[in-house]
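Q: Provided below: final.pdb, containing PDB, C-alpha atoms.
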```pdb
ATOM      1  CA  MET P   1     -12.906  11.955  25.902
ATOM      2  CA  GLY P   2     -11.310  10.655  29.082
ATOM      3  CA  LEU P   3     -14.104   8.119  29.457
ATOM      4  CA  VAL P   4     -13.516   6.837  25.915
ATOM      5  CA  ALA P   5      -9.810   6.479  26.664
ATOM      6  CA  ARG P   6     -10.446   4.573  29.874
ATOM      7  CA  ALA P   7     -12.859   2.185  28.123
ATOM      8  CA  LEU P   8     -10.479   1.590  25.217
ATOM      9  CA  GLU P   9      -7.594   0.873  27.519
ATOM     10  CA  GLU P  10      -9.823  -1.534  29.428
ATOM     11  CA  ALA P  11     -10.439  -3.247  26.081
ATOM     12  CA  GLY P  12      -6.695  -3.524  25.495
ATOM     13  CA  VAL P  13      -5.757  -0.548  23.300
ATOM     14  CA  PRO P  14      -3.142   1.973  24.504
ATOM     15  CA  THR P  15      -4.494   5.525  24.271
ATOM     16  CA  LEU P  16      -3.301   9.100  24.393
ATOM     17  CA  CYS P  17      -5.650  12.050  24.900
ATOM     18  CA  LEU P  18      -4.609  15.400  23.540
ATOM     19  CA  THR P  19      -6.139  18.101  25.692
ATOM     20  CA  ALA P  20      -6.419  21.869  25.874
ATOM     21  CA  ALA P  21      -8.589  21.645  28.999
ATOM     22  CA  HIS P  22      -6.272  20.511  31.756
ATOM     23  CA  SER P  23      -8.776  20.541  34.622
ATOM     24  CA  ILE P  24     -11.446  18.649  32.689
ATOM     25  CA  THR P  25      -8.970  15.966  31.634
ATOM     26  CA  ALA P  26      -7.539  15.705  35.150
ATOM     27  CA  ALA P  27     -11.057  15.058  36.484
ATOM     28  CA  ALA P  28     -11.815  12.313  33.941
ATOM     29  CA  ASN P  29      -8.331  10.887  34.589
ATOM     30  CA  PRO P  30      -7.475   9.054  31.346
ATOM     31  CA  PRO P  31      -4.475   6.705  31.158
ATOM     32  CA  ARG P  32      -2.218   9.093  29.171
ATOM     33  CA  ALA P  33      -2.745  12.725  28.245
ATOM     34  CA  ALA P  34      -0.713  15.441  26.541
ATOM     35  CA  PHE P  35      -1.587  19.042  27.376
ATOM     36  CA  VAL P  36      -1.434  21.812  24.787
ATOM     37  CA  ASP P  37      -1.939  25.385  26.019
ATOM     38  CA  MET P  38      -4.364  26.267  23.246
ATOM     39  CA  PRO P  39      -7.889  27.712  23.183
ATOM     40  CA  LEU P  40     -10.670  25.142  22.981
ATOM     41  CA  GLY P  41     -11.440  24.339  19.364
ATOM     42  CA  TYR P  42      -7.733  24.442  18.416
ATOM     43  CA  THR P  43      -6.575  21.226  20.096
ATOM     44  CA  ALA P  44      -4.468  20.098  17.138
ATOM     45  CA  GLY P  45      -3.012  23.476  16.201
ATOM     46  CA  ARG P  46      -3.536  26.811  14.537
ATOM     47  CA  PRO P  47      -5.278  26.780  11.129
ATOM     48  CA  HIS P  48      -3.115  26.629   8.012
ATOM     49  CA  GLU P  49       0.097  26.150   9.995
ATOM     50  CA  PRO P  50       1.126  22.625   9.023
ATOM     51  CA  ASP P  51       4.595  22.842  10.619
ATOM     52  CA  PHE P  52       3.068  23.858  13.956
ATOM     53  CA  GLN P  53       0.456  21.100  13.653
ATOM     54  CA  ARG P  54       3.080  18.452  12.845
ATOM     55  CA  ASP P  55       5.275  19.579  15.740
ATOM     56  CA  LEU P  56       2.305  19.356  18.087
ATOM     57  CA  LEU P  57       1.516  15.799  17.002
ATOM     58  CA  ARG P  58       5.156  14.713  17.163
ATOM     59  CA  ARG P  59       5.261  15.894  20.775
ATOM     60  CA  ALA P  60       2.021  14.035  21.474
ATOM     61  CA  PHE P  61       3.476  10.792  20.142
ATOM     62  CA  ALA P  62       6.650  11.361  22.170
ATOM     63  CA  ALA P  63       4.403  11.582  25.243
ATOM     64  CA  PHE P  64       2.939   8.202  24.336
ATOM     65  CA  THR P  65       6.244   6.545  25.134
ATOM     66  CA  ALA P  66       7.409   8.985  27.826
ATOM     67  CA  ILE P  67       4.443   8.376  30.114
ATOM     68  CA  ASP P  68       5.079   5.385  32.342
ATOM     69  CA  ALA P  69       2.388   5.717  34.994
ATOM     70  CA  PRO P  70      -1.405   5.652  34.495
ATOM     71  CA  GLY P  71      -3.149   8.993  34.914
ATOM     72  CA  THR P  72      -0.229  11.149  33.786
ATOM     73  CA  ILE P  73      -0.777  14.450  31.939
ATOM     74  CA  VAL P  74       2.421  15.719  30.337
ATOM     75  CA  ASP P  75       2.896  19.283  29.136
ATOM     76  CA  THR P  76       3.930  19.259  25.479
ATOM     77  CA  GLY P  77       5.195  22.839  25.721
ATOM     78  CA  ILE P  78       2.874  23.760  22.840
ATOM     79  CA  ARG P  79       1.362  27.211  23.367
ATOM     80  CA  TRP P  80      -1.107  29.301  21.416
ATOM     81  CA  SER P  81       1.086  32.386  21.759
ATOM     82  CA  ASP P  82       3.756  33.978  23.924
ATOM     83  CA  ASP P  83       0.991  36.388  24.882
ATOM     84  CA  ASP P  84      -1.379  34.682  27.317
ATOM     85  CA  SER P  85      -4.035  37.414  27.199
ATOM     86  CA  TRP P  86      -6.387  35.069  25.280
ATOM     87  CA  LYS P  87      -6.899  33.239  28.559
ATOM     88  CA  ASP P  88      -8.675  36.221  30.100
ATOM     89  CA  GLY P  89     -11.608  35.793  27.741
ATOM     90  CA  ALA P  90     -11.322  32.062  27.280
ATOM     91  CA  SER P  91     -14.783  31.425  28.619
ATOM     92  CA  SER P  92     -16.647  33.832  26.365
ATOM     93  CA  GLY P  93     -18.386  31.774  23.770
ATOM     94  CA  LEU P  94     -15.547  30.541  21.582
ATOM     95  CA  ASN P  95     -15.221  27.675  23.905
ATOM     96  CA  ASN P  96     -16.614  24.224  24.029
ATOM     97  CA  GLY P  97     -19.227  23.723  26.695
ATOM     98  CA  VAL P  98     -18.578  27.075  28.262
ATOM     99  CA  VAL P  99     -21.023  29.922  28.601
ATOM    100  CA  SER P 100     -20.212  33.541  29.347
ATOM    101  CA  ALA P 101     -21.468  35.710  32.144
ATOM    102  CA  GLU P 102     -23.400  37.707  29.531
ATOM    103  CA  GLY P 103     -25.446  34.660  28.680
ATOM    104  CA  ASP P 104     -25.351  31.281  27.049
ATOM    105  CA  THR P 105     -23.618  31.797  23.707
ATOM    106  CA  ARG P 106     -23.799  28.203  22.561
ATOM    107  CA  SER P 107     -25.999  27.240  19.661
ATOM    108  CA  GLU P 108     -29.509  25.972  20.240
ATOM    109  CA  ARG P 109     -29.586  22.245  20.818
ATOM    110  CA  SER P 110     -31.632  21.303  17.777
ATOM    111  CA  PRO P 111     -32.596  17.634  17.311
ATOM    112  CA  GLU P 112     -32.270  17.997  13.499
ATOM    113  CA  PRO P 113     -29.016  17.084  11.706
ATOM    114  CA  GLN P 114     -26.906  20.248  11.396
ATOM    115  CA  TYR P 115     -25.235  20.134   7.993
ATOM    116  CA  GLN P 116     -22.261  22.307   7.075
ATOM    117  CA  TYR P 117     -23.648  22.658   3.534
ATOM    118  CA  ASP P 118     -27.179  22.201   2.216
ATOM    119  CA  ASP P 119     -25.672  19.958  -0.414
ATOM    120  CA  ASP P 120     -24.613  17.573   2.361
ATOM    121  CA  ARG P 121     -28.239  17.175   3.322
ATOM    122  CA  LEU P 122     -29.226  16.270  -0.222
ATOM    123  CA  ALA P 123     -26.343  13.785  -0.443
ATOM    124  CA  ALA P 124     -27.342  12.160   2.855
ATOM    125  CA  GLU P 125     -31.033  12.018   2.060
ATOM    126  CA  GLY P 126     -30.364  10.588  -1.385
ATOM    127  CA  ALA P 127     -28.034   7.950  -0.022
TER
ATOM    128  CA  MET B   1       7.252  31.218  31.672
ATOM    129  CA  SER B   2       3.776  30.232  30.630
ATOM    130  CA  SER B   3       0.828  31.039  32.817
ATOM    131  CA  ALA B   4      -1.318  28.344  34.353
ATOM    132  CA  PRO B   5      -3.811  26.465  32.178
ATOM    133  CA  VAL B   6      -7.304  27.940  32.015
ATOM    134  CA  ASP B   7      -9.429  26.234  34.666
ATOM    135  CA  TYR B   8     -12.570  25.606  32.632
ATOM    136  CA  ILE B   9     -14.239  23.701  35.455
ATOM    137  CA  ALA B  10     -13.982  26.672  37.831
ATOM    138  CA  ARG B  11     -15.041  29.172  35.154
ATOM    139  CA  THR B  12     -18.004  27.094  34.058
ATOM    140  CA  ARG B  13     -19.147  26.640  37.648
ATOM    141  CA  GLU B  14     -19.125  30.417  38.099
ATOM    142  CA  GLN B  15     -20.932  31.037  34.833
ATOM    143  CA  TYR B  16     -23.608  28.405  35.357
ATOM    144  CA  ASP B  17     -24.176  29.828  38.808
ATOM    145  CA  ALA B  18     -24.449  33.380  37.425
ATOM    146  CA  LEU B  19     -27.007  32.173  34.871
ATOM    147  CA  GLY B  20     -29.000  30.311  37.509
ATOM    148  CA  TYR B  21     -28.297  26.934  35.888
ATOM    149  CA  ASP B  22     -27.852  23.763  37.882
ATOM    150  CA  PRO B  23     -24.143  22.991  38.344
ATOM    151  CA  TYR B  24     -22.553  21.232  35.368
ATOM    152  CA  ARG B  25     -21.312  17.782  36.281
ATOM    153  CA  TRP B  26     -17.976  16.866  34.744
ATOM    154  CA  ALA B  27     -16.961  13.229  34.572
ATOM    155  CA  GLU B  28     -14.849  12.503  37.634
ATOM    156  CA  ARG B  29     -12.902   9.270  37.842
ATOM    157  CA  PRO B  30     -10.441   9.507  40.716
ATOM    158  CA  GLU B  31      -9.634   5.800  40.647
ATOM    159  CA  THR B  32      -6.428   4.826  38.837
ATOM    160  CA  PRO B  33      -7.169   4.416  35.119
ATOM    161  CA  PRO B  34      -6.747   1.133  33.272
ATOM    162  CA  TRP B  35      -3.374   0.753  31.593
ATOM    163  CA  VAL B  36      -2.019  -1.220  28.658
ATOM    164  CA  PRO B  37       1.707  -0.927  27.935
ATOM    165  CA  LEU B  38       2.825  -0.260  24.386
ATOM    166  CA  THR B  39       3.915  -3.506  22.781
ATOM    167  CA  LYS B  40       5.923  -1.988  19.935
ATOM    168  CA  PRO B  41       7.494   1.319  18.972
ATOM    169  CA  VAL B  42       5.199   4.150  17.888
ATOM    170  CA  ALA B  43       7.087   4.161  14.576
ATOM    171  CA  ASP B  44       5.816   0.627  13.939
ATOM    172  CA  SER B  45       2.297   1.204  15.250
ATOM    173  CA  THR B  46      -0.927   1.686  13.347
ATOM    174  CA  VAL B  47      -2.796   4.596  14.892
ATOM    175  CA  ALA B  48      -6.551   5.150  15.077
ATOM    176  CA  LEU B  49      -7.718   8.769  15.102
ATOM    177  CA  LEU B  50     -10.677   9.460  17.392
ATOM    178  CA  ALA B  51     -12.031  12.993  17.328
ATOM    179  CA  SER B  52     -14.963  14.631  19.093
ATOM    180  CA  GLY B  53     -15.228  17.786  16.985
ATOM    181  CA  GLY B  54     -18.297  16.606  15.069
ATOM    182  CA  ALA B  55     -16.590  15.506  11.836
ATOM    183  CA  TYR B  56     -18.573  13.825   9.091
ATOM    184  CA  ARG B  57     -18.315  13.260   5.331
ATOM    185  CA  ARG B  58     -20.642  14.220   2.511
ATOM    186  CA  GLY B  59     -23.158  11.375   2.322
ATOM    187  CA  HIS B  60     -23.333  10.990   6.095
ATOM    188  CA  VAL B  61     -26.260  12.184   8.164
ATOM    189  CA  ALA B  62     -24.726  15.100  10.098
ATOM    190  CA  PHE B  63     -24.747  15.159  13.882
ATOM    191  CA  HIS B  64     -27.692  16.864  15.500
ATOM    192  CA  TRP B  65     -27.003  19.170  18.414
ATOM    193  CA  ASN B  66     -29.307  17.669  21.022
ATOM    194  CA  ASP B  67     -26.881  15.161  22.555
ATOM    195  CA  ASP B  68     -26.210  13.115  19.413
ATOM    196  CA  THR B  69     -24.472  10.041  20.819
ATOM    197  CA  GLY B  70     -23.794   8.421  17.439
ATOM    198  CA  ILE B  71     -20.475   7.939  15.660
ATOM    199  CA  ARG B  72     -19.460   8.547  12.033
ATOM    200  CA  MET B  73     -16.652   6.603  10.387
ATOM    201  CA  VAL B  74     -14.587   8.994   8.284
ATOM    202  CA  ARG B  75     -12.142   7.645   5.684
ATOM    203  CA  THR B  76      -8.598   8.854   6.227
ATOM    204  CA  ASP B  77      -7.442   8.514   2.617
ATOM    205  CA  GLU B  78      -9.387  11.651   1.749
ATOM    206  CA  PRO B  79      -7.954  15.050   2.663
ATOM    207  CA  ALA B  80      -9.091  17.215   5.537
ATOM    208  CA  VAL B  81     -10.450  19.771   3.084
ATOM    209  CA  ASP B  82     -13.264  17.299   2.354
ATOM    210  CA  VAL B  83     -14.134  16.834   6.032
ATOM    211  CA  ARG B  84     -17.310  18.534   7.260
ATOM    212  CA  LEU B  85     -17.714  19.727  10.838
ATOM    213  CA  THR B  86     -20.732  20.430  12.990
ATOM    214  CA  HIS B  87     -20.918  21.108  16.727
ATOM    215  CA  PHE B  88     -23.032  23.252  19.026
ATOM    216  CA  ALA B  89     -20.347  24.503  21.377
ATOM    217  CA  TYR B  90     -17.091  25.540  19.747
ATOM    218  CA  ASP B  91     -16.187  28.085  17.095
ATOM    219  CA  LEU B  92     -16.606  26.220  13.804
ATOM    220  CA  VAL B  93     -15.272  29.026  11.601
ATOM    221  CA  PRO B  94     -11.517  28.364  11.940
ATOM    222  CA  ALA B  95     -12.000  24.593  12.078
ATOM    223  CA  ARG B  96     -14.003  24.632   8.846
ATOM    224  CA  GLU B  97     -11.219  26.668   7.239
ATOM    225  CA  ASP B  98      -8.709  24.002   8.253
ATOM    226  CA  PRO B  99     -10.286  20.852   9.736
ATOM    227  CA  ASN B 100      -6.814  19.619  10.747
ATOM    228  CA  ILE B 101      -7.035  21.729  13.911
ATOM    229  CA  VAL B 102      -9.675  19.371  15.312
ATOM    230  CA  PHE B 103      -9.332  16.425  12.900
ATOM    231  CA  PRO B 104      -5.633  16.212  11.980
ATOM    232  CA  VAL B 105      -5.934  13.695   9.159
ATOM    233  CA  ASP B 106      -3.506  15.410   6.767
ATOM    234  CA  ARG B 107      -0.828  15.749   9.424
ATOM    235  CA  LEU B 108      -1.188  12.139  10.595
ATOM    236  CA  SER B 109      -0.909  10.914   7.012
ATOM    237  CA  GLU B 110       2.293  12.932   6.663
ATOM    238  CA  LEU B 111       3.687  11.537   9.916
ATOM    239  CA  ALA B 112       2.935   8.039   8.614
ATOM    240  CA  ASP B 113       4.804   8.855   5.390
ATOM    241  CA  GLU B 114       7.719  10.200   7.438
ATOM    242  CA  GLY B 115       7.798   7.077   9.597
ATOM    243  CA  VAL B 116       6.983   8.862  12.868
ATOM    244  CA  ILE B 117       4.032   6.471  13.150
ATOM    245  CA  GLY B 118       3.727   3.112  11.456
ATOM    246  CA  GLY B 119       0.457   3.949   9.749
ATOM    247  CA  LEU B 120      -2.933   5.559  10.051
ATOM    248  CA  ALA B 121      -6.032   3.386  10.294
ATOM    249  CA  PRO B 122      -8.157   3.619   7.116
ATOM    250  CA  GLU B 123     -11.050   5.137   9.021
ATOM    251  CA  ALA B 124     -11.261   7.617  11.886
ATOM    252  CA  VAL B 125     -13.970   7.443  14.540
ATOM    253  CA  ALA B 126     -15.768  10.773  14.689
ATOM    254  CA  PHE B 127     -18.336  11.850  17.238
ATOM    255  CA  MET B 128     -19.636  14.976  18.920
ATOM    256  CA  GLY B 129     -18.373  15.913  22.338
ATOM    257  CA  GLY B 130     -20.379  17.817  24.879
ATOM    258  CA  ILE B 131     -22.956  15.127  25.614
ATOM    259  CA  TYR B 132     -24.648  16.649  28.629
ATOM    260  CA  SER B 133     -25.286  13.398  30.477
ATOM    261  CA  VAL B 134     -22.205  11.459  31.555
ATOM    262  CA  ARG B 135     -24.414   8.385  31.876
ATOM    263  CA  ARG B 136     -25.620   8.681  28.268
ATOM    264  CA  ALA B 137     -22.061   9.197  27.061
ATOM    265  CA  GLU B 138     -20.959   6.044  28.855
ATOM    266  CA  VAL B 139     -23.952   3.891  27.949
ATOM    267  CA  GLU B 140     -24.645   5.059  24.386
ATOM    268  CA  LEU B 141     -21.487   6.589  22.934
ATOM    269  CA  VAL B 142     -18.484   4.899  24.520
ATOM    270  CA  PRO B 143     -19.375   1.279  23.584
ATOM    271  CA  GLN B 144     -19.852   2.260  19.927
ATOM    272  CA  VAL B 145     -16.432   3.912  19.867
ATOM    273  CA  VAL B 146     -14.776   0.929  21.519
ATOM    274  CA  ASP B 147     -16.447  -1.513  19.113
ATOM    275  CA  ALA B 148     -15.401   0.588  16.116
ATOM    276  CA  VAL B 149     -11.779   0.692  17.247
ATOM    277  CA  MET B 150     -11.677  -3.012  18.117
ATOM    278  CA  ALA B 151     -13.054  -3.833  14.641
ATOM    279  CA  MET B 152      -9.948  -2.216  13.142
ATOM    280  CA  ASP B 153      -6.508  -3.724  13.564
ATOM    281  CA  VAL B 154      -4.777  -0.852  15.372
ATOM    282  CA  ASP B 155      -2.012  -0.610  17.934
ATOM    283  CA  LEU B 156      -2.706   2.834  19.414
ATOM    284  CA  ALA B 157      -5.531   5.338  19.646
ATOM    285  CA  LEU B 158      -4.998   9.113  19.499
ATOM    286  CA  LEU B 159      -7.942  11.021  20.978
ATOM    287  CA  VAL B 160      -8.513  14.612  19.902
ATOM    288  CA  PRO B 161     -11.218  16.475  21.828
ATOM    289  CA  VAL B 162     -12.291  20.066  21.135
TER
END
```
Would you mind writing the structure in this file as structure tokens?
A:
Amino acid sequence: MGLVARALEEAGVPTLCLTAAHSITAAANPPRAAFVDMPLGYTAGRPHEPDFQRDLLRRAFAAFTAIDAPGTIVDTGIRWSDDDSWKDGASSGLNNGVVSAEGDTRSERSPEPQYQYDDDRLAAEGA
Amino acid sequence: MSSAPVDYIARTREQYDALGYDPYRWAERPETPPWVPLTKPVADSTVALLASGGAYRRGHVAFHWNDDTGIRMVRTDEPAVDVRLTHFAYDLVPAREDPNIVFPVDRLSELADEGVIGGLAPEAVAFMGGIYSVRRAEVELVPQVVDAVMAMDVDLALLVPV
């Protein structure tokens, strides 16, 4: 995502990257980033908690104007929970691009379109 | 006091090593990033949503999981409940229950109604993160995303990875 942000900014569009993966974002070094201390796959909030999700996005947009130097990652203060024990297992298969010590838990990299519903396939093929 | 962020780079290095895989190569860009100042307040700005959680709509060809470097344009006047998600590397179950957690279209529409942002672009740019090759991401994916954003009249881009 950092590479997309850098290219867009080069093209003239101000960007902000939300991120739950601080080290990965720091390496790609996008112009502006807002860190949320959430598990991967929950970058924009917890499911079915619209107030939490809105608060998260409001803080992200506040970061848009607060950041005044390229390459800054601000901490939004958004956290998954007061209990940080989820971080102990945060590499065990729930997580994007991460494999566990027990083995690679990611899905097979099939070259066929992976539809959420069979009906989607019919709709796409009929289109 | 919150604990330090999870260092996914360090953990993945250890895990790849334990599995006997070649080291994963993250994109590293130490040089100062390009920078465009905001020209107007966020409250007056039209925002483009860019999301790498594998979102698509019924009627689209879904992403495949073998480094699909394509994009899907997803209308933002339809609710998140109609968004489909597919991805090889994150837990799709909670995201399919509420796509807003990776594709916050309902929340952004509300923030536009509230005046926090000036507006939401009529289409979001959706793609699938986790392209293994940084080179392929830069050569195949990034230019399509940039072209799609530049074709819309937007002031800001919000990027939501998974």
Q: Excluding Ala5 (chain P) and residues on its chain fewer than 3 positions from it, collect all residues at most 9 Å away from it, counting all atoms listed in the file, and give them as a PyMOL selection string.
A: (chain P and resi 1-2+8-10+13-17+30-32) or (chain B and resi 157+159)
Q: Set the cut-off to 7 Å and count only C-alpha atoms: what are the residues of chain B that reach chain P? Output as a PyMOL selection string.
A: chain B and resi 3+5-9+11-12+15+18-19+27-30+32-38+58-66+84-86+88-91+94+98+100-102+104+107+130+142+146+155-162
Q: Quote the spacing between CA of Ile131 (chain B) and CA of Gly70 (chain B) in Å to one decimal place.
A: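 Going from CA of Ile131 (chain B) over to CA of Gly70 (chain B), I get 10.6 Å.
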Q: CA of Thr76 (chain P) and CA of Ala34 (chain P), how far apart in Å?
A: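 Rounded to one decimal, the two atoms are 6.1 Å apart.
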Q: Measuring atom to atom with all atoms listed in the file, identify which of B:Gly129, B:Glu14, B:Ala80, B:Ala121 is nearest to Gly53 (chain B).
A: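 Smallest separation from Gly53 (chain B) among the options: B:Gly129.
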Q: Counting only C-alpha atoms, what is within 10 Å of Gly115 (chain B), bar same-chain residues fewer than 6 positions away, as a short mmCIF file (atom, residue, chain, number, x, y, z; two decimals) with C-alpha atoms, in the coordinates of the input?
A:
```cif
data_model
loop_
_atom_site.label_atom_id
_atom_site.label_comp_id
_atom_site.auth_asym_id
_atom_site.auth_seq_id
_atom_site.Cartn_x
_atom_site.Cartn_y
_atom_site.Cartn_z
CA VAL B 42 5.20 4.15 17.89
CA ALA B 43 7.09 4.16 14.58
CA ASP B 44 5.82 0.63 13.94
CA SER B 45 2.30 1.20 15.25
CA SER B 109 -0.91 10.91 7.01
#
```
Q: Is it possible to produce a file of region 21-37 of chain B from this structure, with N, CA, C and O atoms, as a short mmCIF file (atom, residue, chain, number, x, y, z; two decimals), in the first residue's frame?
A:
```cif
data_model
loop_
_atom_site.label_atom_id
_atom_site.label_comp_id
_atom_site.auth_asym_id
_atom_site.auth_seq_id
_atom_site.Cartn_x
_atom_site.Cartn_y
_atom_site.Cartn_z
N TYR B 21 11.66 -21.43 3.98
CA TYR B 21 11.37 -20.58 2.81
C TYR B 21 12.51 -19.59 2.63
O TYR B 21 13.21 -19.23 3.57
N ASP B 22 12.62 -19.08 1.40
CA ASP B 22 13.52 -17.95 1.18
C ASP B 22 12.95 -16.75 1.93
O ASP B 22 11.74 -16.64 2.09
N PRO B 23 13.83 -15.84 2.38
CA PRO B 23 13.33 -14.68 3.13
C PRO B 23 12.34 -13.86 2.31
O PRO B 23 12.55 -13.64 1.11
N TYR B 24 11.24 -13.44 2.96
CA TYR B 24 10.27 -12.56 2.31
C TYR B 24 10.90 -11.19 2.14
O TYR B 24 11.61 -10.71 3.02
N ARG B 25 10.66 -10.57 1.01
CA ARG B 25 11.23 -9.25 0.78
C ARG B 25 10.14 -8.18 0.82
O ARG B 25 9.34 -8.08 -0.10
N TRP B 26 10.11 -7.43 1.88
CA TRP B 26 9.18 -6.31 1.99
C TRP B 26 9.68 -5.17 1.12
O TRP B 26 10.86 -5.05 0.87
N ALA B 27 8.73 -4.33 0.69
CA ALA B 27 9.14 -3.12 -0.04
C ALA B 27 9.85 -2.19 0.94
O ALA B 27 9.32 -1.89 2.01
N GLU B 28 11.04 -1.78 0.57
CA GLU B 28 11.79 -0.84 1.41
C GLU B 28 12.14 0.40 0.59
O GLU B 28 12.78 0.30 -0.45
N ARG B 29 11.68 1.53 1.07
CA ARG B 29 11.91 2.79 0.36
C ARG B 29 12.42 3.84 1.36
O ARG B 29 11.67 4.69 1.82
N PRO B 30 13.70 3.75 1.69
CA PRO B 30 14.23 4.67 2.71
C PRO B 30 14.27 6.14 2.27
O PRO B 30 14.29 7.03 3.11
N GLU B 31 14.25 6.37 0.97
CA GLU B 31 14.34 7.76 0.51
C GLU B 31 13.04 8.51 0.86
O GLU B 31 11.96 7.94 0.89
N THR B 32 13.18 9.79 1.14
CA THR B 32 12.04 10.62 1.55
C THR B 32 10.90 10.50 0.54
O THR B 32 11.13 10.64 -0.67
N PRO B 33 9.69 10.24 0.99
CA PRO B 33 8.58 10.05 0.04
C PRO B 33 8.17 11.36 -0.63
O PRO B 33 8.40 12.44 -0.09
N PRO B 34 7.55 11.24 -1.81
CA PRO B 34 6.99 12.43 -2.44
C PRO B 34 5.91 13.05 -1.55
O PRO B 34 5.35 12.36 -0.69
N TRP B 35 5.61 14.30 -1.78
CA TRP B 35 4.74 15.02 -0.84
C TRP B 35 3.95 16.09 -1.57
O TRP B 35 4.54 16.91 -2.28
N VAL B 36 2.65 16.06 -1.42
CA VAL B 36 1.78 17.11 -1.97
C VAL B 36 1.00 17.70 -0.79
O VAL B 36 0.30 16.97 -0.09
N PRO B 37 1.13 19.00 -0.55
CA PRO B 37 0.34 19.58 0.55
C PRO B 37 -1.15 19.58 0.22
O PRO B 37 -1.54 19.62 -0.94
#
```
